[in-house]
Amino acid sequence: MRRLDNIDIRLLRVFVALADSGGFAAAQITLNLSQPTLSTHLAELEKRIGAQLCHRGRKQFRLTEVGQATYDAAQKLFRDLDDFGHRINAASGSLSGRLRVGTSDGVFTSSELGIQHALSRFMGPDSDVFIDLSVGTPSELEQQVADGGRDVVIGPLSQKAPGVVYRDYCGEPHLLYCGRKHPLFAVPDARIDQGAIDAARFSVRSYRHFDDLYLVGHPRASASVVHMEAQLMLILSGNFIGFLPCHFADPWVAAGDMRAIRPRSYAFSSIHRVAYRKTDAQRSLVQAFLAALFDATTAGGSTQGHI
């Protein structure tokens, strides 16, 4: 039986990053390594394991059966190493290790939802914590925390993942907007009826499963976006109306480039939640970060779970 105890952890991390990226081109950017270096690392790992781990070519990259098994085992190994570090840190009373956080996009302009304030409280001057921060859609975040890819996620989550704890965080008010070049921009709210709304091109957030349409009774979508920056660009083009978080839209409203349409009729608030696995509830890193999150929210003057 081949001994695998001498496999360099770095080789496994390169291989996992390569698999997650779906090929060498994207992995070069992720790891900041050249393709020859990536190929050398992969070849060395295959030599130590004694099997080919992936099929690679100019147009195709896929894992072999052994490659998939190696990938799954490496992911478990990384989780076990993290757990080992957390246990040692808890015993020593210090905070160190890797904390994997996920958040929805377009929240950095919010004093409550922008987690830069929580990170400021969490990361002391002598902190030895490595922060792995990613941005994703609510469904992606929920899947990542359930699968163990993220330790803590924050966003307008649906509370569907099993084995996951959800805590209400704060509300995010939204309004319906149009850009300065849009025909409705100069029309008073009192003169904007349902027919005018129906006639306008409407851009929806795809992860809301067309709930945006139902909120205004619009018959169809003319555009679909995932990220708030994309929604903003479509609205500023003057060709579309659509929902945006108020804190995200405020700078462009203040500059006169955008306005809210019938805010009394089309306002709503989405509740953002913090989620983490039940098995991680007692981890010192997770507990400390949750404390920083909710302390930052309280200091910002918002109410937990407020809509």
# chains A, B, ... in the order shown; residues from 1 in each chain; ligands from 1
$ select_by_dssp --residues "range 3-112 of chain A" --states "strand (DSSP E)" --output "NGL selection string"
:A and (54-56 or 61-63 or 96-103)
$ atom_distance --atom1 "CA of Val226 in chain A" --atom2 "CA of Asp105 in chain A"
9.2 Å
$ atom_distance --atom1 "CA of Pro156 in chain A" --atom2 "CA of Arg277 in chain A"
16.8 Å
$ residues_around --residues "range 75-79 of chain A" --least-positions-apart "6" --cutoff "9 Å" --atoms "only C-alpha atoms" --output "PyMOL selection string"
chain A and resi 9+13+16+148-149
$ write_last_selection --atoms "N, CA and C atoms" --output "PDB file, in the first residue's frame"
ATOM      1  N   ILE A   9       1.072  19.431   2.048  1.00  0.00           N
ATOM      2  CA  ILE A   9      -0.260  20.030   2.095  1.00  0.00           C
ATOM      3  C   ILE A   9      -0.408  21.104   1.020  1.00  0.00           C
ATOM      4  N   ARG A  13      -3.456  21.815  -1.683  1.00  0.00           N
ATOM      5  CA  ARG A  13      -4.175  23.087  -1.807  1.00  0.00           C
ATOM      6  C   ARG A  13      -4.126  23.603  -3.246  1.00  0.00           C
ATOM      7  N   VAL A  16      -6.654  21.442  -5.191  1.00  0.00           N
ATOM      8  CA  VAL A  16      -8.043  21.820  -4.906  1.00  0.00           C
ATOM      9  C   VAL A  16      -8.387  23.139  -5.589  1.00  0.00           C
ATOM     10  N   GLY A 148     -20.020  23.350   4.324  1.00  0.00           N
ATOM     11  CA  GLY A 148     -18.777  23.537   5.063  1.00  0.00           C
ATOM     12  C   GLY A 148     -17.754  24.372   4.344  1.00  0.00           C
ATOM     13  N   GLY A 149     -18.130  24.988   3.219  1.00  0.00           N
ATOM     14  CA  GLY A 149     -17.194  25.835   2.491  1.00  0.00           C
ATOM     15  C   GLY A 149     -17.019  27.198   3.120  1.00  0.00           C
TER      16      GLY A 149
END
$ select_by_dssp --residues "range 108-256 of chain A" --states "alpha helix (DSSP H)" --output "PyMOL selection string"
chain A and resi 116-122+138-147+194-199+211-216+228-236+246-254
$ decode --residues "range 218-262 of chain A" --atoms "N, CA and C atoms" --output "tab-separated table (two decimals), in the first residue's frame"
chain	number	residue	atom	x	y	z
A	218	HIS	N	-45.83	43.83	-12.24
A	218	HIS	CA	-45.35	43.99	-13.62
A	218	HIS	C	-45.53	42.68	-14.39
A	219	PRO	N	-45.92	42.76	-15.67
A	219	PRO	CA	-46.23	41.53	-16.41
A	219	PRO	C	-45.02	40.71	-16.84
A	220	ARG	N	-43.83	41.33	-16.99
A	220	ARG	CA	-42.70	40.55	-17.52
A	220	ARG	C	-41.38	41.26	-17.20
A	221	ALA	N	-40.33	40.49	-17.23
A	221	ALA	CA	-38.98	41.04	-17.05
A	221	ALA	C	-38.33	41.25	-18.40
A	222	SER	N	-37.58	42.35	-18.52
A	222	SER	CA	-36.82	42.63	-19.74
A	222	SER	C	-35.32	42.49	-19.53
A	223	ALA	N	-34.93	42.24	-18.30
A	223	ALA	CA	-33.51	42.03	-17.99
A	223	ALA	C	-33.42	41.29	-16.67
A	224	SER	N	-32.30	40.60	-16.48
A	224	SER	CA	-32.07	39.85	-15.26
A	224	SER	C	-30.62	40.03	-14.82
A	225	VAL	N	-30.41	40.26	-13.54
A	225	VAL	CA	-29.06	40.46	-13.02
A	225	VAL	C	-28.85	39.59	-11.79
A	226	VAL	N	-27.59	39.44	-11.42
A	226	VAL	CA	-27.24	38.74	-10.19
A	226	VAL	C	-26.69	39.72	-9.16
A	227	HIS	N	-25.84	40.66	-9.63
A	227	HIS	CA	-25.16	41.58	-8.72
A	227	HIS	C	-25.78	42.97	-8.76
A	228	MET	N	-25.69	43.67	-7.63
A	228	MET	CA	-26.27	45.01	-7.52
A	228	MET	C	-25.60	45.99	-8.47
A	229	GLU	N	-24.29	45.82	-8.71
A	229	GLU	CA	-23.61	46.71	-9.64
A	229	GLU	C	-24.21	46.61	-11.04
A	230	ALA	N	-24.60	45.39	-11.44
A	230	ALA	CA	-25.23	45.21	-12.74
A	230	ALA	C	-26.60	45.87	-12.78
A	231	GLN	N	-27.36	45.73	-11.70
A	231	GLN	CA	-28.67	46.38	-11.62
A	231	GLN	C	-28.53	47.90	-11.72
A	232	LEU	N	-27.55	48.44	-11.03
A	232	LEU	CA	-27.31	49.87	-11.06
A	232	LEU	C	-26.99	50.35	-12.47
A	233	MET	N	-26.14	49.61	-13.18
A	233	MET	CA	-25.78	50.01	-14.54
A	233	MET	C	-26.99	50.03	-15.46
A	234	LEU	N	-27.85	49.03	-15.34
A	234	LEU	CA	-29.04	48.99	-16.19
A	234	LEU	C	-29.97	50.16	-15.89
A	235	ILE	N	-30.15	50.48	-14.61
A	235	ILE	CA	-31.03	51.59	-14.25
A	235	ILE	C	-30.45	52.92	-14.72
A	236	LEU	N	-29.14	53.11	-14.52
A	236	LEU	CA	-28.51	54.36	-14.94
A	236	LEU	C	-28.50	54.53	-16.45
A	237	SER	N	-28.65	53.44	-17.19
A	237	SER	CA	-28.70	53.54	-18.66
A	237	SER	C	-29.92	54.29	-19.14
A	238	GLY	N	-30.96	54.37	-18.29
A	238	GLY	CA	-32.19	55.03	-18.69
A	238	GLY	C	-33.16	54.13	-19.42
A	239	ASN	N	-32.83	52.85	-19.55
A	239	ASN	CA	-33.68	51.91	-20.28
A	239	ASN	C	-34.51	51.01	-19.38
A	240	PHE	N	-34.20	50.97	-18.07
A	240	PHE	CA	-34.86	50.02	-17.18
A	240	PHE	C	-35.23	50.67	-15.86
A	241	ILE	N	-36.27	50.13	-15.23
A	241	ILE	CA	-36.56	50.41	-13.84
A	241	ILE	C	-36.28	49.13	-13.05
A	242	GLY	N	-36.01	49.28	-11.76
A	242	GLY	CA	-35.73	48.09	-10.96
A	242	GLY	C	-35.48	48.45	-9.51
A	243	PHE	N	-35.48	47.45	-8.66
A	243	PHE	CA	-35.26	47.64	-7.23
A	243	PHE	C	-33.78	47.69	-6.90
A	244	LEU	N	-33.45	48.54	-5.92
A	244	LEU	CA	-32.11	48.61	-5.35
A	244	LEU	C	-32.22	48.87	-3.85
A	245	PRO	N	-31.26	48.40	-3.07
A	245	PRO	CA	-31.21	48.81	-1.66
A	245	PRO	C	-31.03	50.32	-1.57
A	246	CYS	N	-31.73	50.95	-0.65
A	246	CYS	CA	-31.67	52.41	-0.55
A	246	CYS	C	-30.25	52.91	-0.29
A	247	HIS	N	-29.52	52.23	0.61
A	247	HIS	CA	-28.17	52.70	0.93
A	247	HIS	C	-27.25	52.62	-0.27
A	248	PHE	N	-27.50	51.67	-1.16
A	248	PHE	CA	-26.68	51.50	-2.35
A	248	PHE	C	-27.01	52.57	-3.40
A	249	ALA	N	-28.29	52.96	-3.47
A	249	ALA	CA	-28.74	53.93	-4.47
A	249	ALA	C	-28.53	55.38	-4.04
A	250	ASP	N	-28.45	55.63	-2.75
A	250	ASP	CA	-28.43	57.00	-2.23
A	250	ASP	C	-27.41	57.92	-2.89
A	251	PRO	N	-26.16	57.50	-3.12
A	251	PRO	CA	-25.20	58.43	-3.73
A	251	PRO	C	-25.62	58.92	-5.12
A	252	TRP	N	-26.23	58.04	-5.90
A	252	TRP	CA	-26.66	58.43	-7.24
A	252	TRP	C	-27.95	59.26	-7.20
A	253	VAL	N	-28.77	59.01	-6.21
A	253	VAL	CA	-29.95	59.85	-6.01
A	253	VAL	C	-29.52	61.26	-5.62
A	254	ALA	N	-28.56	61.35	-4.69
A	254	ALA	CA	-28.07	62.65	-4.24
A	254	ALA	C	-27.43	63.43	-5.38
A	255	ALA	N	-26.81	62.72	-6.33
A	255	ALA	CA	-26.16	63.38	-7.47
A	255	ALA	C	-27.14	63.74	-8.57
A	256	GLY	N	-28.40	63.33	-8.42
A	256	GLY	CA	-29.41	63.64	-9.43
A	256	GLY	C	-29.42	62.70	-10.61
A	257	ASP	N	-28.74	61.56	-10.50
A	257	ASP	CA	-28.66	60.61	-11.61
A	257	ASP	C	-29.76	59.55	-11.55
A	258	MET	N	-30.51	59.52	-10.47
A	258	MET	CA	-31.50	58.47	-10.28
A	258	MET	C	-32.55	58.97	-9.29
A	259	ARG	N	-33.77	58.43	-9.38
A	259	ARG	CA	-34.81	58.78	-8.42
A	259	ARG	C	-35.65	57.56	-8.09
A	260	ALA	N	-36.29	57.59	-6.92
A	260	ALA	CA	-37.21	56.53	-6.54
A	260	ALA	C	-38.58	56.82	-7.16
A	261	ILE	N	-39.25	55.75	-7.58
A	261	ILE	CA	-40.58	55.86	-8.18
A	261	ILE	C	-41.62	55.45	-7.15
A	262	ARG	N	-42.56	56.35	-6.87
A	262	ARG	CA	-43.67	56.08	-5.96
A	262	ARG	C	-43.20	55.30	-4.71
